[in-house]
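For reference, structure-v4.cif (mmCIF, C-alpha atoms):
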data_structure
loop_
_atom_site.label_atom_id
_atom_site.label_comp_id
_atom_site.auth_asym_id
_atom_site.auth_seq_id
_atom_site.Cartn_x
_atom_site.Cartn_y
_atom_site.Cartn_z
CA MET U 1 96.12 71.76 190.72
CA GLY U 2 93.64 72.02 193.61
CA CYS U 3 90.09 73.35 193.44
CA PHE U 4 89.08 76.78 194.78
CA GLY U 5 88.88 76.62 198.54
CA SER U 6 90.90 73.44 198.88
CA LYS U 7 93.74 73.23 201.36
CA GLU U 8 97.18 74.04 200.03
CA ARG U 9 99.42 70.97 199.69
CA PRO U 10 102.53 71.35 201.84
CA PRO U 11 105.75 71.70 199.85
CA THR U 12 107.76 68.51 199.23
CA ASP U 13 111.25 67.67 197.99
CA ILE U 14 109.90 67.42 194.45
CA LYS U 15 108.06 70.73 194.20
CA LYS U 16 108.04 73.91 196.26
CA LYS U 17 106.31 77.27 196.23
CA THR U 18 108.11 80.50 195.75
CA GLU U 19 107.11 83.67 197.53
CA GLU U 20 105.13 84.61 194.42
CA GLY U 21 103.18 81.38 194.60
CA LYS U 22 104.84 79.70 191.59
CA LYS U 23 105.91 76.09 191.86
CA ILE U 24 109.56 75.20 191.37
CA TYR U 25 110.30 71.60 190.52
CA SER U 26 113.56 69.88 191.44
CA TRP U 27 114.64 69.54 187.81
CA ASP U 28 113.99 73.26 187.19
CA LYS U 29 116.14 74.08 190.19
CA GLU U 30 118.95 71.94 188.83
CA LYS U 31 118.77 73.73 185.47
CA ARG U 32 118.82 77.14 187.14
CA ASN U 33 121.92 76.14 189.06
CA VAL U 34 123.78 75.35 185.83
CA ASP U 35 126.17 78.14 184.85
CA PRO U 36 126.80 78.13 181.07
CA ALA U 37 130.25 79.58 181.72
CA ASP U 38 131.24 76.25 183.29
CA PHE U 39 130.85 74.59 179.90
CA ILE U 40 132.94 76.97 177.77
CA ILE U 41 136.71 77.12 177.41
CA SER U 42 137.48 80.28 175.44
CA LYS U 43 140.49 82.41 174.53
CA ARG U 44 143.07 80.44 176.52
CA THR U 45 146.79 80.30 175.77
CA GLY U 46 149.40 77.92 177.17
CA GLU U 47 147.14 76.43 179.84
CA THR U 48 146.36 72.91 181.05
CA ILE U 49 142.63 72.59 181.75
CA VAL U 50 140.98 69.49 183.17
CA LYS U 51 137.26 68.86 183.55
CA ALA U 52 137.03 65.93 185.96
CA PRO U 53 134.36 63.19 185.90
CA GLY U 54 131.06 64.60 187.14
CA SER U 55 131.87 68.20 186.24
CA ILE U 56 129.92 68.29 182.94
CA GLY U 57 127.20 65.68 183.39
CA GLY U 58 125.85 65.47 179.86
CA GLN U 59 125.74 69.19 179.07
CA GLN U 60 126.77 70.80 175.77
CA PHE U 61 130.36 72.04 175.72
CA VAL U 62 132.28 74.64 173.69
CA ILE U 63 136.04 75.01 173.16
CA GLU U 64 137.07 78.05 171.12
CA ASP U 65 139.99 80.34 170.31
CA CYS U 66 142.60 78.36 172.28
CA THR U 67 146.32 78.22 171.48
CA ASP U 68 149.07 75.95 172.87
CA CYS U 69 146.69 74.40 175.41
CA LYS U 70 146.22 70.93 176.90
CA ILE U 71 142.53 70.33 177.45
CA PHE U 72 140.90 67.25 178.99
CA LEU U 73 137.10 66.83 179.08
CA CYS U 74 136.93 63.72 181.26
CA ASP U 75 133.16 63.49 181.48
CA TYR U 76 130.28 62.66 179.17
CA THR U 77 128.62 65.42 177.16
CA ASP U 78 125.59 65.91 174.93
CA SER U 79 127.49 67.66 172.13
CA VAL U 80 130.81 69.45 171.67
CA SER U 81 132.04 72.15 169.31
CA ILE U 82 135.73 73.04 168.90
CA ASP U 83 136.48 76.17 166.88
CA TYR U 84 139.58 78.18 165.94
CA CYS U 85 142.07 76.24 168.06
CA THR U 86 145.77 76.04 167.17
CA ASN U 87 148.55 73.75 168.36
CA CYS U 88 146.44 72.19 171.11
CA TYR U 89 146.15 68.74 172.66
CA ILE U 90 142.50 67.94 173.37
CA PHE U 91 140.84 64.92 174.96
CA VAL U 92 137.05 64.65 174.69
CA GLY U 93 135.27 61.94 176.67
CA PRO U 94 132.08 60.26 175.43
CA VAL U 95 129.79 62.56 173.44
CA GLY U 96 126.27 61.19 173.15
CA GLY U 97 125.59 63.32 170.08
CA SER U 98 127.90 65.10 167.67
CA ILE U 99 131.29 66.75 167.91
CA PHE U 100 131.93 69.47 165.33
CA ILE U 101 135.51 70.68 164.83
CA ARG U 102 135.98 73.77 162.67
CA ASN U 103 138.81 76.05 161.60
CA CYS U 104 141.45 74.27 163.67
CA LYS U 105 145.12 73.82 162.86
CA ASP U 106 147.83 71.54 164.31
CA VAL U 107 145.45 69.99 166.82
CA LYS U 108 146.02 66.51 168.24
CA ALA U 109 142.84 65.09 169.75
CA VAL U 110 141.51 61.91 171.29
CA VAL U 111 137.74 61.83 170.82
CA ALA U 112 134.82 59.49 171.55
CA CYS U 113 131.48 60.43 170.00
CA GLN U 114 128.34 59.26 168.28
CA GLN U 115 128.95 61.51 165.26
CA PHE U 116 132.25 63.13 164.20
CA ARG U 117 132.50 66.07 161.77
CA THR U 118 135.24 68.52 160.78
CA ARG U 119 135.24 71.53 158.48
CA ASP U 120 138.08 73.80 157.36
CA CYS U 121 140.73 72.08 159.47
CA VAL U 122 144.41 71.59 158.59
CA ASP U 123 147.17 69.29 159.88
CA CYS U 124 145.23 67.55 162.64
CA ASP U 125 145.66 64.09 164.20
CA PHE U 126 142.82 62.14 165.81
CA LEU U 127 142.65 58.94 167.82
CA LEU U 128 138.98 58.37 167.30
CA TYR U 129 135.96 56.43 168.46
CA SER U 130 132.91 57.23 166.33
CA MET U 131 129.79 55.06 166.36
CA THR U 132 128.77 56.43 162.96
CA GLN U 133 130.81 57.18 159.85
CA PRO U 134 133.22 60.10 160.50
CA ILE U 135 132.77 63.02 158.12
CA ILE U 136 135.31 65.63 157.01
CA GLU U 137 134.71 68.63 154.78
CA THR U 138 137.10 71.14 153.17
CA SER U 139 139.88 69.90 155.44
CA GLU U 140 143.47 68.98 154.58
CA ASN U 141 146.11 66.62 155.92
CA MET U 142 143.86 64.97 158.48
CA ARG U 143 145.25 61.78 160.06
CA PHE U 144 143.27 59.14 161.94
CA GLY U 145 143.95 56.27 164.33
CA CYS U 146 141.88 54.21 166.74
CA PHE U 147 140.82 55.63 170.12
CA GLN U 148 143.16 54.91 173.03
CA PHE U 149 142.55 56.32 176.49
CA ASN U 150 141.26 55.30 179.89
CA TYR U 151 140.59 56.57 183.38
CA ASP U 152 138.38 55.41 186.22
CA GLY U 153 134.76 55.86 185.17
CA LEU U 154 135.28 56.11 181.40
CA LYS U 155 133.45 52.86 180.63
CA ASP U 156 130.43 54.00 182.63
CA GLN U 157 130.45 57.30 180.72
CA PHE U 158 130.28 55.36 177.44
CA SER U 159 127.17 53.61 178.76
CA LYS U 160 125.55 56.89 179.86
CA SER U 161 126.18 58.28 176.37
CA LYS U 162 124.70 55.13 174.79
CA LEU U 163 127.94 54.49 172.90
CA VAL U 164 128.73 50.82 172.27
CA VAL U 165 132.48 50.37 172.73
CA TRP U 166 132.60 47.48 170.24
CA ASN U 167 131.03 49.49 167.38
CA ASN U 168 133.77 51.89 166.31
CA GLN U 169 133.85 53.19 162.73
CA TRP U 170 136.99 55.31 163.22
CA SER U 171 138.60 54.36 159.89
CA ASN U 172 135.49 54.54 157.67
CA ILE U 173 136.04 58.20 156.70
CA TYR U 174 133.64 60.04 154.40
CA ASP U 175 135.05 63.12 152.68
CA PHE U 176 132.53 65.66 151.35
CA SER U 177 135.25 67.32 149.26
CA PRO U 178 137.47 64.40 148.21
CA SER U 179 141.10 64.96 147.35
CA SER U 180 144.20 62.79 147.64
CA ASN U 181 145.78 64.89 150.38
CA ASN U 182 142.73 65.45 152.57
CA TRP U 183 143.07 62.52 154.94
CA THR U 184 144.93 59.32 155.69
CA LEU U 185 145.05 56.59 158.32
CA LEU U 186 148.06 56.82 160.61
CA PRO U 187 150.48 53.88 160.32
CA PRO U 188 150.01 51.59 163.34
CA GLU U 189 153.32 52.59 164.92
CA GLN U 190 152.32 56.28 164.74
CA ALA U 191 148.72 55.83 165.92
CA THR U 192 149.61 55.87 169.61
CA LEU U 193 149.47 58.42 172.41
CA GLU U 194 153.24 58.20 172.73
CA SER U 195 153.91 58.83 169.04
CA LEU U 196 151.61 61.85 169.11
CA HIS U 197 153.41 63.07 172.25
CA PHE U 198 150.01 63.31 173.87
CA PRO U 199 150.36 64.66 177.42
CA SER U 200 149.60 62.50 180.45
CA LEU U 201 146.30 63.14 182.17
CA PRO U 202 146.87 65.10 185.41
CA PRO U 203 145.37 63.47 188.53
CA PHE U 204 141.79 64.35 189.39
CA PRO U 205 140.97 65.62 192.89
CA ASN U 206 141.35 62.80 195.45
CA THR U 207 143.27 60.63 192.97
CA SER U 208 146.96 59.98 192.46
CA SER U 209 149.21 59.50 189.46
CA ASP U 210 149.34 55.80 190.34
CA ASP U 211 145.54 55.57 190.02
CA ILE U 212 145.65 57.24 186.60
CA ASN U 213 148.50 55.01 185.39
CA ALA U 214 146.69 51.85 186.52
CA SER U 215 143.55 52.84 184.60
CA GLU U 216 145.49 53.72 181.45
CA LYS U 217 146.85 50.16 181.22
CA SER U 218 143.37 48.64 180.91
CA VAL U 219 141.27 48.75 177.74
CA VAL U 220 137.80 50.25 177.29
CA VAL U 221 137.64 50.61 173.50
CA PRO U 222 139.29 47.79 171.51
CA LYS U 223 142.23 48.94 169.42
CA THR U 224 141.26 47.77 165.94
CA TRP U 225 143.17 47.69 162.66
CA GLY U 226 140.33 49.24 160.67
CA THR U 227 140.40 49.54 156.89
CA ARG U 228 144.19 49.44 156.56
CA LEU U 229 145.63 46.73 154.31
CA LYS U 230 145.55 43.40 156.16
CA PRO U 231 148.98 42.18 157.26
CA SER U 232 147.91 38.56 156.64
CA ASP U 233 145.31 36.62 154.67
CA MET U 234 144.79 34.30 157.63
CA SER U 235 141.93 35.34 159.88
CA MET U 236 139.43 33.86 162.31
CA PHE U 237 135.95 34.86 163.42
CA VAL U 238 135.16 34.79 167.13
CA MET U 239 131.69 35.32 168.62
CA PHE U 240 130.91 35.84 172.31
CA TYR U 241 127.38 35.23 173.57
CA GLY U 242 125.52 34.66 176.83
CA GLU U 243 125.19 36.92 179.85
CA ASN U 244 128.96 37.13 180.41
CA ARG U 245 129.86 37.89 176.80
CA GLU U 246 131.32 41.33 177.52
CA SER U 247 133.67 40.19 180.29
CA THR U 248 134.74 37.22 178.15
CA ALA U 249 135.44 39.57 175.22
CA TYR U 250 137.61 41.78 177.45
CA THR U 251 139.47 38.69 178.72
CA THR U 252 140.19 37.81 175.10
CA LEU U 253 141.40 41.34 174.36
CA SER U 254 143.85 41.11 177.27
CA GLN U 255 145.18 37.85 175.88
CA LEU U 256 145.56 39.39 172.42
CA GLN U 257 147.51 42.29 173.91
CA SER U 258 150.13 39.81 175.08
CA ASN U 259 150.31 38.26 171.59
CA PRO U 260 151.43 41.06 169.22
CA GLU U 261 151.55 38.61 166.31
CA PHE U 262 147.73 38.88 166.19
CA ILE U 263 145.66 41.98 165.50
CA VAL U 264 141.96 42.70 165.96
CA LEU U 265 140.75 43.78 162.54
CA GLN U 266 137.25 44.77 163.65
CA THR U 267 134.64 44.24 166.37
CA LYS U 268 130.88 44.63 166.47
CA SER U 269 128.07 44.11 168.99
CA SER U 270 124.55 43.36 167.84
CA ILE U 271 121.31 41.50 168.46
CA LEU U 272 120.80 39.14 165.53
CA THR U 273 117.46 38.41 163.89
CA SER U 274 116.42 34.83 163.21
CA SER U 275 117.25 35.16 159.50
CA GLN U 276 120.69 36.56 160.35
CA VAL U 277 121.37 33.63 162.66
CA ASP U 278 120.33 31.21 159.89
CA ASN U 279 122.63 32.96 157.39
CA LEU U 280 125.53 32.89 159.79
CA PHE U 281 125.02 29.31 160.97
CA PRO U 282 123.35 27.30 158.16
CA GLU U 283 124.13 24.09 160.05
CA LYS U 284 121.81 25.30 162.85
CA GLU U 285 124.59 25.40 165.43
CA PHE U 286 122.74 28.25 167.17
CA THR U 287 119.13 29.37 167.48
CA THR U 288 117.81 32.89 167.91
CA ASP U 289 116.80 32.06 171.49
CA GLY U 290 120.37 31.06 172.29
CA LEU U 291 121.63 34.44 171.11
CA LYS U 292 118.67 36.60 172.17
CA ASP U 293 120.70 38.75 174.59
CA GLY U 294 123.07 39.85 171.82
CA VAL U 295 126.52 38.88 170.61
CA ILE U 296 129.96 40.43 170.20
CA GLY U 297 132.00 39.50 167.14
CA PHE U 298 135.76 39.79 166.56
CA GLU U 299 137.77 39.29 163.40
CA ILE U 300 141.35 38.39 164.35
CA VAL U 301 144.19 38.38 161.81
CA GLY U 302 147.62 36.77 162.00
CA GLU U 303 149.72 33.93 160.60
CA ASP U 304 148.33 30.56 161.76
CA CYS U 305 145.94 32.41 164.07
CA ILE U 306 143.41 29.56 164.22
CA SER U 307 145.89 26.90 165.29
CA LYS U 308 147.73 29.26 167.65
CA PHE U 309 144.79 31.04 169.31
CA SER U 310 142.16 28.28 169.40
CA PRO U 311 143.66 26.56 172.48
CA PHE U 312 143.06 29.70 174.54
CA LEU U 313 139.53 30.23 173.18
CA SER U 314 138.71 26.59 173.99
CA THR U 315 139.12 27.39 177.69
CA LEU U 316 136.33 30.00 177.58
CA LYS U 317 132.60 29.51 177.98
CA ASP U 318 129.96 30.67 175.48
CA VAL U 319 132.41 31.38 172.67
CA HIS U 320 132.19 30.30 169.04
CA PHE U 321 135.26 30.47 166.80
CA SER U 322 136.07 29.41 163.26
CA LYS U 323 137.62 25.96 162.87
CA ASN U 324 139.18 26.63 159.46
CA TYR U 325 140.03 29.61 157.25
CA GLN U 326 137.25 28.94 154.77
CA ASP U 327 134.63 29.10 157.54
CA ALA U 328 136.37 32.16 158.99
CA GLU U 329 136.07 34.10 155.73
CA ARG U 330 132.40 33.20 155.33
CA GLU U 331 131.43 33.83 158.97
CA ALA U 332 133.28 37.13 159.26
CA GLY U 333 131.91 38.39 155.94
CA THR U 334 128.36 37.38 156.85
CA PHE U 335 128.40 38.70 160.41
CA PHE U 336 130.05 42.07 159.79
CA GLY U 337 128.17 42.61 156.55
CA GLN U 338 124.81 41.98 158.22
CA VAL U 339 125.59 44.12 161.26
CA SER U 340 126.88 47.01 159.11
CA LEU U 341 123.62 47.03 157.12
CA GLN U 342 121.67 46.91 160.38
CA MET U 343 123.53 49.98 161.69
CA GLU U 344 122.90 52.14 158.60
#

Since I need it in another form, could you write the structure as structure tokens?
Amino acid sequence: MGCFGSKERPPTDIKKKTEEGKKIYSWDKEKRNVDPADFIISKRTGETIVKAPGSIGGQQFVIEDCTDCKIFLCDYTDSVSIDYCTNCYIFVGPVGGSIFIRNCKDVKAVVACQQFRTRDCVDCDFLLYSMTQPIIETSENMRFGCFQFNYDGLKDQFSKSKLVVWNNQWSNIYDFSPSSNNWTLLPPEQATLESLHFPSLPPFPNTSSDDINASEKSVVVPKTWGTRLKPSDMSMFVMFYGENRESTAYTTLSQLQSNPEFIVLQTKSSILTSSQVDNLFPEKEFTTDGLKDGVIGFEIVGEDCISKFSPFLSTLKDVHFSKNYQDAEREAGTFFGQVSLQME
């Protein structure tokens, strides 16, 4: 603010004067240009509705009172509420906060969020990414599988929402009102977009079906086995480190996709403390400085997985993997146990 009698500062791109003499800042102008109606889908029946990347931009979003609809929120949001929807297919891109689903029936949804909660829902299927423990309450016949979806820009939206793609707790369900028929994990063969008859994503403006199909074939969130019963007692621990750890981890995922005899049980990304490094590698194979940028850990399961998959891993740089099944059990238990405690 200037003193009495001082010359008025000319308006700039950052702040301007209105006719009344009040200053309007650029961020206030942006807020005033936001129409709340753009972030509500209400009382729709039998429609296909697509919110393309860039159309929401981190705002809160509401879906309510919809029936027989196909809804795609292909942008990142702050929070989402879905209420009183029936027989709908719903995709929700990365939610930086919570998604709350209430009083819904026969909904099939693919959701990525920081916190997932349902209340008073019946007969719903979810392919889920949740960075914290999913919570259900007074809900029945809820079925869960691992998140599967992709389109151009989805990975960047995860980053904007501060969601770590490797840290997915989709199968670690907490039920506030426990009962035997409240929830279950979908069998692997049913936990797919195809098995749920999930509709294909319509092309965005200035894109084609070929562009959408090409994106869908690549992986953003690893498809993990979760807390289902292991199909084999043979497992191996793999750790990626160094500045290229993420691209190396994705290269490994692509290789695993072409080897259906192996499954990814779980993945986690973390920065390890010096004591955690010492617990994980008592032989001092690594130091904290060597892992200071963070690590990504996989637990891979499958018959003879160490002997069969080690030759491929040996071709990669900055990768540690178990040399025998005894080490694999200890390393996986130590790494995932420590990281889980760190995330609580």

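Distance check against U:Val295 using all atoms listed in the file: of U:Gln190, U:Thr267, U:Thr67, U:Thr118, the minimum falls on U:Thr267.
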
Restricting to all atoms listed in the file, whichever of U:Gly302, U:Gly337, U:Gly226, U:Pro231 is closest to U:Leu280 is U:Gly337

12 Å contact set for U:Asn244, all atoms listed in the file, chain neighbours under 6 positions out, as a list in words:
Tyr250, Thr251, Asp293, Gly294, Val295, Ile296, Leu316, Lys317, Asp318 and Val319 of chain U

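Interatomic distance, atom CA of U:Glu47 against atom CA of U:Leu201: 13.5 Å.
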
The distance between atom CA of U:Arg245 and atom CA of U:Gln326 is 24.9 Å

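Atom pair atom CA of U:Gln266 / atom CA of U:Phe336 has a distance of 8.6 Å (rounded to one decimal).
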
### Message
Using only C-alpha atoms - which residues lie no farther than 6 Å from the point (125.7, 64.4, 175.1) in the file's frame? Write them as a PyMOL selection string.
### Response
chain U and resi 58+77-79+95-97

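Counting all atoms listed in the file and comparing U:Ser179, U:Thr248, U:Asn141, U:Thr48, the residue that lies closest to U:Thr315 is U:Thr248.
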
- Task: Give as a PyMOL selection string the residues that the PyMOL selection byres ((chain U and resi 182) around 9) matches when applied to the coordinates above.
- Result: chain U and resi 122+136-143+175+177-181+183-184

| Written as a PyMOL selection string, what is the full residue list that the PyMOL selection byres ((chain U and resi 338) around 12) yields on the file shown? | chain U and resi 268-273+275-280+297+330-337+339-344

Show me, as JSON lines, the residues of stretch 140-240 of chain U having an atom within 9 Å of stretch 80-92 of chain U, each with the closest atom pair and its distance in Å, using only C-alpha atoms.
{"residue": "U:Phe149", "atom": "CA", "partner": "U:Phe91", "partner_atom": "CA", "distance": 8.9}
{"residue": "U:Phe198", "atom": "CA", "partner": "U:Tyr89", "partner_atom": "CA", "distance": 6.8}
{"residue": "U:Pro199", "atom": "CA", "partner": "U:Tyr89", "partner_atom": "CA", "distance": 7.6}

Q) Neighbours of U:Ser161 within 7 Å (all atoms listed in the file; same-chain residues fewer than 2 positions away dropped), as a ChimeraX atom specification? A) /U:76,94-96,157-159,163

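Ranking U:Val107, U:Ile40, U:Ile101, U:Leu154 by their shortest atom-to-atom distance to U:Asp68, with all atoms listed in the file included, puts U:Val107 first.
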
- Tell me, as an NGL selection string, which residues lie within 12 Å of U:Ser171, counting only C-alpha atoms; anything in the same chain fewer than 5 positions away does not count. :U and (116 or 126-135 or 142-147 or 183-187 or 191 or 223-229 or 265-266)

Since we have the selection now, will you write its residues out, keeping C-alpha atoms, as a JSON list (two decimals), keeping the file's coordinate frame?
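Once everything was written out, this is part.json:
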[["chain", "number", "residue", "atom", "x", "y", "z"],
["U", 116, "PHE", "CA", 132.25, 63.13, 164.20],
["U", 126, "PHE", "CA", 142.82, 62.14, 165.81],
["U", 127, "LEU", "CA", 142.65, 58.94, 167.82],
["U", 128, "LEU", "CA", 138.98, 58.37, 167.30],
["U", 129, "TYR", "CA", 135.96, 56.43, 168.46],
["U", 130, "SER", "CA", 132.91, 57.23, 166.33],
["U", 131, "MET", "CA", 129.79, 55.06, 166.36],
["U", 132, "THR", "CA", 128.77, 56.43, 162.96],
["U", 133, "GLN", "CA", 130.81, 57.18, 159.85],
["U", 134, "PRO", "CA", 133.22, 60.10, 160.50],
["U", 135, "ILE", "CA", 132.77, 63.02, 158.12],
["U", 142, "MET", "CA", 143.86, 64.97, 158.48],
["U", 143, "ARG", "CA", 145.25, 61.78, 160.06],
["U", 144, "PHE", "CA", 143.27, 59.14, 161.94],
["U", 145, "GLY", "CA", 143.95, 56.27, 164.33],
["U", 146, "CYS", "CA", 141.88, 54.21, 166.74],
["U", 147, "PHE", "CA", 140.82, 55.63, 170.12],
["U", 183, "TRP", "CA", 143.07, 62.52, 154.94],
["U", 184, "THR", "CA", 144.93, 59.32, 155.69],
["U", 185, "LEU", "CA", 145.05, 56.59, 158.32],
["U", 186, "LEU", "CA", 148.06, 56.82, 160.61],
["U", 187, "PRO", "CA", 150.48, 53.88, 160.32],
["U", 191, "ALA", "CA", 148.72, 55.83, 165.92],
["U", 223, "LYS", "CA", 142.23, 48.94, 169.42],
["U", 224, "THR", "CA", 141.26, 47.77, 165.94],
["U", 225, "TRP", "CA", 143.17, 47.69, 162.66],
["U", 226, "GLY", "CA", 140.33, 49.24, 160.67],
["U", 227, "THR", "CA", 140.40, 49.54, 156.89],
["U", 228, "ARG", "CA", 144.19, 49.44, 156.56],
["U", 229, "LEU", "CA", 145.63, 46.73, 154.31],
["U", 265, "LEU", "CA", 140.75, 43.78, 162.54],
["U", 266, "GLN", "CA", 137.25, 44.77, 163.65]]

Quick check on the file I pasted: which residues fall under the PyMOL selection byres ((chain U and resi 155) around 12)? Write them as a ChimeraX atom specification. /U:53,74-76,93-94,112,149-154,156-166,215,218-222
